[in-house]
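Note: the block below is target-v2.tsv and it holds TSV, C-alpha atoms.
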chain	number	residue	atom	x	y	z
A	112	MET	CA	0.00	0.00	0.00
A	113	GLY	CA	1.37	3.43	-0.88
A	114	GLN	CA	2.09	5.84	1.93
A	115	SER	CA	0.08	9.07	2.06
A	116	ARG	CA	0.36	12.16	4.17
A	117	SER	CA	-2.43	12.74	6.68
A	118	PRO	CA	-4.83	15.57	5.81
A	119	LEU	CA	-4.76	16.66	9.49
A	120	GLY	CA	-1.91	18.29	11.38
A	121	VAL	CA	-0.83	17.40	14.92
A	122	VAL	CA	-3.22	19.68	16.79
A	123	ASP	CA	-6.30	18.81	14.74
A	124	LEU	CA	-5.60	15.08	14.88
A	125	GLU	CA	-5.06	15.15	18.64
A	126	LEU	CA	-8.30	17.06	19.19
A	127	LEU	CA	-10.15	14.58	16.98
A	128	ALA	CA	-8.62	11.61	18.82
A	129	ALA	CA	-9.59	13.19	22.14
A	130	ARG	CA	-13.25	12.98	21.06
A	131	GLY	CA	-12.86	9.25	20.46
A	132	TRP	CA	-11.39	8.49	23.91
A	133	ARG	CA	-12.40	11.04	26.47
A	134	GLY	CA	-12.84	11.69	30.12
A	135	TRP	CA	-16.35	12.33	31.35
A	136	GLU	CA	-15.31	15.68	32.83
A	137	THR	CA	-13.49	18.32	30.80
A	138	GLY	CA	-12.27	21.86	31.33
A	139	ARG	CA	-10.25	24.45	29.50
A	140	LEU	CA	-7.05	26.32	30.26
A	141	GLY	CA	-6.87	28.56	27.24
A	142	ASP	CA	-6.52	26.13	24.34
A	143	TRP	CA	-5.48	23.24	26.57
A	144	LEU	CA	-8.05	20.50	27.16
A	145	LEU	CA	-8.31	19.22	30.73
A	146	ARG	CA	-9.78	15.72	31.06
A	147	ALA	CA	-10.75	13.54	34.01
A	148	GLY	CA	-12.17	10.02	33.79
A	149	GLY	CA	-11.83	8.29	37.13
A	150	GLY	CA	-8.12	7.60	36.63
A	151	PHE	CA	-8.58	5.08	33.80
A	152	THR	CA	-5.94	5.65	31.08
A	153	GLY	CA	-3.67	8.59	30.50
A	154	ARG	CA	-5.70	9.86	27.55
A	155	ALA	CA	-8.84	10.31	29.66
A	156	ASN	CA	-6.98	11.76	32.66
A	157	SER	CA	-4.48	14.29	31.38
A	158	ALA	CA	-4.34	17.80	30.03
A	159	LEU	CA	-3.93	17.78	26.26
A	160	VAL	CA	-1.32	20.46	25.67
A	161	VAL	CA	-2.15	22.02	22.30
A	162	GLY	CA	-2.06	25.73	21.59
A	163	ASP	CA	-1.83	28.56	24.12
A	164	PRO	CA	-2.84	28.11	27.78
A	165	GLY	CA	-3.64	31.81	28.06
A	166	CYS	CA	-1.06	32.43	30.77
A	167	ALA	CA	2.65	32.06	31.41
A	168	LEU	CA	3.81	28.45	31.42
A	169	PRO	CA	4.80	28.32	35.12
A	170	GLN	CA	1.29	29.53	35.99
A	171	ALA	CA	-0.15	26.92	33.59
A	172	VAL	CA	1.77	24.18	35.42
A	173	ASP	CA	0.26	25.36	38.71
A	174	ALA	CA	-3.25	25.57	37.24
A	175	VAL	CA	-3.09	22.02	35.86
A	176	THR	CA	-1.79	20.78	39.20
A	177	ARG	CA	-4.69	22.36	41.08
A	178	TRP	CA	-7.35	21.09	38.63
A	179	TYR	CA	-6.32	17.45	38.99
A	180	ALA	CA	-5.58	17.65	42.71
A	181	ALA	CA	-9.14	18.91	43.22
A	182	ARG	CA	-10.35	15.65	41.64
A	183	ASP	CA	-8.01	13.40	43.64
A	184	LEU	CA	-6.08	12.50	40.48
A	185	ARG	CA	-2.36	12.63	39.96
A	186	PRO	CA	-1.77	15.67	37.71
A	187	ALA	CA	-0.73	14.64	34.20
A	188	VAL	CA	-0.24	16.20	30.78
A	189	GLN	CA	-0.11	14.81	27.27
A	190	LEU	CA	2.55	16.60	25.21
A	191	PRO	CA	2.23	15.98	21.46
A	192	GLY	CA	4.70	16.92	18.73
A	193	VAL	CA	7.16	19.77	18.50
A	194	GLN	CA	4.40	22.31	19.14
A	195	ALA	CA	4.51	21.29	22.84
A	196	ARG	CA	8.28	21.74	23.18
A	197	ALA	CA	8.13	24.89	25.35
A	198	ALA	CA	5.52	23.34	27.64
A	199	THR	CA	7.60	20.17	27.88
A	200	THR	CA	10.49	22.24	29.17
A	201	ALA	CA	8.27	23.93	31.75
A	202	PHE	CA	6.85	20.69	33.13
A	203	ALA	CA	10.31	19.10	33.19
A	204	ALA	CA	11.63	22.09	35.15
A	205	ALA	CA	8.84	21.52	37.67
A	206	GLY	CA	10.04	17.94	38.17
A	207	TRP	CA	7.21	16.15	36.35
A	208	GLU	CA	8.14	12.57	35.45
A	209	ARG	CA	8.30	11.52	31.80
A	210	ASP	CA	6.81	8.37	30.22
A	211	GLU	CA	8.13	6.74	27.08
A	212	ASP	CA	7.15	8.02	23.67
A	213	THR	CA	3.85	6.99	22.13
A	214	LEU	CA	3.70	6.98	18.33
A	215	VAL	CA	0.58	8.22	16.59
A	216	LEU	CA	0.25	6.36	13.28
A	217	THR	CA	-2.06	7.19	10.39
A	218	ALA	CA	-3.03	5.58	7.10
A	219	PRO	CA	-5.73	5.78	4.47
A	220	LEU	CA	-8.32	3.24	5.58
A	221	PRO	CA	-6.98	-0.11	4.35
A	222	PRO	CA	-9.17	-2.00	1.88
A	223	ALA	CA	-11.61	-4.50	3.35
A	224	ARG	CA	-10.37	-8.05	3.61
A	225	ASP	CA	-11.96	-11.18	5.00
A	226	ASP	CA	-10.47	-14.06	6.94
A	227	ALA	CA	-13.00	-16.89	6.91
A	228	ARG	CA	-10.90	-18.81	9.43
A	229	VAL	CA	-11.62	-16.31	12.21
A	230	ALA	CA	-15.07	-15.16	13.32
A	231	VAL	CA	-15.00	-11.64	14.76
A	232	ASP	CA	-18.01	-10.46	16.75
A	233	LEU	CA	-18.86	-6.74	16.86
A	234	SER	CA	-20.91	-5.18	19.62
A	235	PRO	CA	-21.86	-1.58	20.51
A	236	ALA	CA	-20.86	-2.15	24.15
A	237	PRO	CA	-18.24	-4.25	25.93
A	238	ASP	CA	-19.51	-7.17	27.97
A	239	ASP	CA	-17.69	-8.61	30.98
A	240	ALA	CA	-15.77	-11.05	28.79
A	241	TRP	CA	-14.50	-8.21	26.58
A	242	LEU	CA	-13.39	-6.21	29.62
A	243	ALA	CA	-11.61	-9.26	31.02
A	244	GLY	CA	-9.90	-9.77	27.67
A	245	TYR	CA	-8.65	-6.20	27.56
A	246	ARG	CA	-7.19	-5.89	31.10
A	247	HIS	CA	-5.38	-2.61	30.44
A	248	GLY	CA	-1.73	-2.92	31.44
A	249	GLY	CA	-2.29	-6.51	32.57
A	250	ARG	CA	-4.41	-5.40	35.52
A	251	ASP	CA	-8.10	-5.81	36.29
A	252	LEU	CA	-10.05	-2.82	34.99
A	253	PRO	CA	-11.42	-0.25	37.45
A	254	PRO	CA	-15.14	0.62	37.58
A	255	ALA	CA	-14.44	3.76	35.49
A	256	ALA	CA	-13.28	1.69	32.51
A	257	ARG	CA	-16.65	0.84	31.02
A	258	ARG	CA	-17.78	4.48	31.14
A	259	VAL	CA	-14.61	5.77	29.44
A	260	LEU	CA	-14.62	3.05	26.79
A	261	THR	CA	-18.24	3.63	25.77
A	262	ASP	CA	-18.24	7.44	25.92
A	263	ALA	CA	-18.02	8.12	22.18
A	264	GLU	CA	-20.46	8.99	19.41
A	265	ASP	CA	-19.94	5.88	17.24
A	266	VAL	CA	-18.03	3.07	18.92
A	267	VAL	CA	-17.75	-0.70	18.50
A	268	PHE	CA	-16.09	-3.55	20.37
A	269	ALA	CA	-14.56	-6.47	18.46
A	270	SER	CA	-13.91	-9.88	19.97
A	271	VAL	CA	-12.75	-13.34	18.97
A	272	ARG	CA	-13.66	-16.47	20.92
A	273	LEU	CA	-11.81	-19.66	19.96
A	274	ASP	CA	-12.49	-21.70	23.09
A	275	PRO	CA	-15.83	-22.48	24.74
A	276	ALA	CA	-17.07	-20.14	27.45
A	277	PRO	CA	-16.02	-19.35	30.12
A	278	ALA	CA	-12.50	-19.46	28.65
A	279	PRO	CA	-11.05	-15.98	28.05
A	280	LEU	CA	-11.63	-14.30	24.73
A	281	ALA	CA	-8.75	-14.87	22.34
A	282	ALA	CA	-8.63	-11.26	21.11
A	283	VAL	CA	-10.37	-7.92	21.57
A	284	ALA	CA	-10.18	-4.43	20.06
A	285	ARG	CA	-12.12	-1.14	20.06
A	286	GLY	CA	-13.02	1.09	17.14
A	287	VAL	CA	-14.50	4.57	16.99
A	288	VAL	CA	-15.43	6.76	14.01
A	289	THR	CA	-15.13	10.54	14.28
A	290	ASP	CA	-15.49	12.90	11.30
A	291	GLY	CA	-14.46	10.28	8.76
A	292	TRP	CA	-11.58	8.86	10.81
A	293	LEU	CA	-11.46	5.38	12.34
A	294	GLY	CA	-9.63	5.26	15.63
A	295	VAL	CA	-8.36	1.82	16.62
A	296	GLY	CA	-7.42	0.97	20.19
A	297	ALA	CA	-7.35	-1.65	22.94
A	298	VAL	CA	-6.01	-4.31	20.54
A	299	THR	CA	-5.23	-7.23	22.84
A	300	VAL	CA	-4.53	-10.90	22.07
A	301	ASP	CA	-4.53	-13.47	24.87
A	302	GLU	CA	-1.05	-14.91	25.37
A	303	PRO	CA	-1.80	-18.53	24.27
A	304	HIS	CA	-3.29	-17.27	20.99
A	305	ARG	CA	-0.61	-14.85	19.87
A	306	ARG	CA	1.13	-15.10	16.49
A	307	GLN	CA	-1.95	-16.71	14.93
A	308	GLY	CA	-3.20	-13.72	12.96
A	309	LEU	CA	-5.92	-12.72	15.42
A	310	ALA	CA	-4.80	-9.11	15.71
A	311	SER	CA	-4.97	-8.84	11.93
A	312	ALA	CA	-8.46	-10.37	11.98
A	313	VAL	CA	-9.90	-7.88	14.49
A	314	MET	CA	-8.20	-5.00	12.68
A	315	ALA	CA	-9.76	-6.12	9.39
A	316	ALA	CA	-13.19	-6.29	11.03
A	317	LEU	CA	-12.77	-2.74	12.32
A	318	TYR	CA	-11.68	-1.50	8.88
A	319	ARG	CA	-14.86	-2.92	7.36
A	320	TRP	CA	-16.99	-1.43	10.13
A	321	GLY	CA	-15.32	1.97	9.75
A	322	ALA	CA	-15.73	1.98	5.97
A	323	GLU	CA	-19.45	1.29	6.36
A	324	ARG	CA	-19.66	4.46	8.47
A	325	GLY	CA	-17.84	6.63	5.96
A	326	ALA	CA	-14.33	6.51	7.40
A	327	ARG	CA	-11.58	7.16	4.88
A	328	TRP	CA	-8.59	7.48	7.21
A	329	SER	CA	-7.46	5.65	10.33
A	330	TYR	CA	-5.28	6.49	13.30
A	331	LEU	CA	-3.96	4.59	16.28
A	332	GLN	CA	-1.48	4.96	19.10
A	333	VAL	CA	1.29	2.53	20.03
A	334	VAL	CA	4.11	2.84	22.54
A	335	GLU	CA	7.55	2.98	20.99
A	336	SER	CA	8.73	-0.20	22.73
A	337	ASN	CA	5.94	-2.39	21.24
A	338	ALA	CA	7.87	-3.63	18.21
A	339	ALA	CA	5.42	-6.44	17.38
A	340	ALA	CA	2.43	-4.11	17.16
A	341	ARG	CA	4.38	-1.55	15.15
A	342	ALA	CA	5.28	-4.25	12.61
A	343	LEU	CA	1.63	-5.30	12.34
A	344	TYR	CA	0.46	-1.75	11.72
A	345	ARG	CA	3.25	-1.10	9.23
A	346	ARG	CA	1.98	-3.99	7.12
A	347	ASP	CA	-1.37	-2.22	6.91
A	348	GLY	CA	0.26	0.95	5.64
A	349	PHE	CA	0.42	2.97	8.86
A	350	ILE	CA	3.22	5.51	9.12
A	351	GLU	CA	4.29	7.76	11.97
A	352	HIS	CA	2.41	11.05	12.09
A	353	HIS	CA	3.89	12.41	15.33
A	354	ARG	CA	4.77	11.39	18.85
A	355	TYR	CA	3.62	12.37	22.29
A	356	HIS	CA	4.54	11.54	25.84
A	357	TYR	CA	2.96	12.00	29.23
A	358	ARG	CA	4.44	13.82	32.18
A	359	ARG	CA	3.08	13.37	35.67
A	360	ALA	CA	3.54	15.47	38.75
A	361	PRO	CA	6.01	14.07	41.27
A	362	LEU	CA	4.45	11.96	43.98
A	363	PRO	CA	4.29	13.53	47.44
I need this file expressed as structure tokens, please.
Amino acid sequence: MGQSRSPLGVVDLELLAARGWRGWETGRLGDWLLRAGGGFTGRANSALVVGDPGCALPQAVDAVTRWYAARDLRPAVQLPGVQARAATTAFAAAGWERDEDTLVLTAPLPPARDDARVAVDLSPAPDDAWLAGYRHGGRDLPPAARRVLTDAEDVVFASVRLDPAPAPLAAVARGVVTDGWLGVGAVTVDEPHRRQGLASAVMAALYRWGAERGARWSYLQVVESNAAARALYRRDGFIEHHRYHYRRAPLP
């Protein structure tokens, strides 16, 4: 598949992605988007640093700190692309701890393909088996997870079951369509079923679903250290659009 440049820049793509995975409480600090979602995932519980905060950066650091502290959340920011370089310096100077880079990848929506060997179920909401299959970070999901995962305008949950219930699902993934873009996330394959093409199968099901809803482009996020996932996405034509990282306030 030929590589194409995304029609959206860093700021517009991040704002679009924020609508596909959001906290249930939001606020504004100038152009910055403050998000809180019960502590489940960095994307739903961090300030998206895009544009101008409307005040000097040291004051912005203090304002973000207060907003999250008032909600009993560890203050965190998401710093995407070179446009956040000055803010990155300010949060680093305040001692905020840095996570590894996350790559944002984009591609024209890959053509539909079928794999008759694998049945992929699609549902508008995650059931308990899907949530157990996801287990973000290898841990049981908190009560906030279901609310964050379903809080989107057009969302779907893909799953593959190879063994009889109540065995764990073999693979899960989440898709969301926003303004003609398919966002793919939560792609998880159970350890005994890896390297069997299941991730490709759930991705293909999401591509078909997205195309039916008018999506023409796709985006996803993957941490830099996940070489296996990056190779999978590269085969589908995804290329790096930009990077971001999180910084979190030092623990007391």
Using atom CA of Gly148 of chain A and atom CA of Ala218 of chain A as the two end points, give the distance in Å to one decimal.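 If I compute the distance from atom CA of Gly148 of chain A to atom CA of Ala218 of chain A, I get 28.6 Å.
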So how many Å separate atom CA of Trp328 of chain A and atom CA of Val283 of chain A, to one decimal?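 It comes out at 21.1 Å.
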Need the neighbours of (-5.0, -10.5, 24.2): which residues are at most 8 Å away, counting all atoms listed in the file, as a VMD selection string? chain A and resid 244 to 245 280 to 283 298 to 302 304 to 305
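Across the structure, atom CA of Leu343 of chain A and atom CA of Ser311 of chain A are spaced 7.5 Å apart.
Distance annotation: of A:Gln332, A:Gly321, A:Arg327, A:Tyr355, the residue with the minimal separation from Pro118 of chain A is A:Arg327; atom set is only C-alpha atoms.
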Pick out the residues sitting within 12 Å of Gly131 of chain A, and hand them over as a PyMOL selection string; count only C-alpha atoms, and ignore anything fewer than 6 positions along from it in its own chain. chain A and resi 124-125+154-155+259-267+285-296+330-331
Among the residues A:Arg139, A:Arg130, A:Arg257, A:Arg319, the one that comes closest to Ala269 of chain A [using all atoms listed in the file]: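 Comparing A:Arg139, A:Arg130, A:Arg257, A:Arg319 against Ala269 of chain A, the winner is A:Arg319.
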Starting from the point (-10.8, -6.3, 12.1), work out which residues of protein, DNA or RNA have an atom no more than 9 Å away when counting all atoms listed in the file; state them as a list in words. Ala223, Arg224, Asp225, Val231, Ala269, Ala284, Leu309, Ala310, Ser311, Ala312, Val313, Met314, Ala315, Ala316, Leu317, Tyr318, Arg319 and Trp320 of chain A
Using all atoms listed in the file, which residue out of A:Pro169, A:Arg258, A:Ala203, A:Gly325 lies closest to Glu136 of chain A? A:Arg258
Go through A:Leu127, A:Val121, A:Leu168, A:Ala360 one by one, measure the shortest atom-to-atom distance of each to Gly206 of chain A using only C-alpha atoms, and give the residue with the smallest value.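 Distance minimum relative to Gly206 of chain A lands on A:Ala360.
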With only C-alpha atoms as the basis for distance, which of A:Val172, A:Phe349, A:Ala187, A:His247 is at the shortest distance from Ser157 of chain A? A:Ala187
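Among the candidates A:Arg133, A:Arg209, A:His352, A:Arg177, the residue lying nearest to Arg116 of chain A is A:His352 (atoms considered: all atoms listed in the file).
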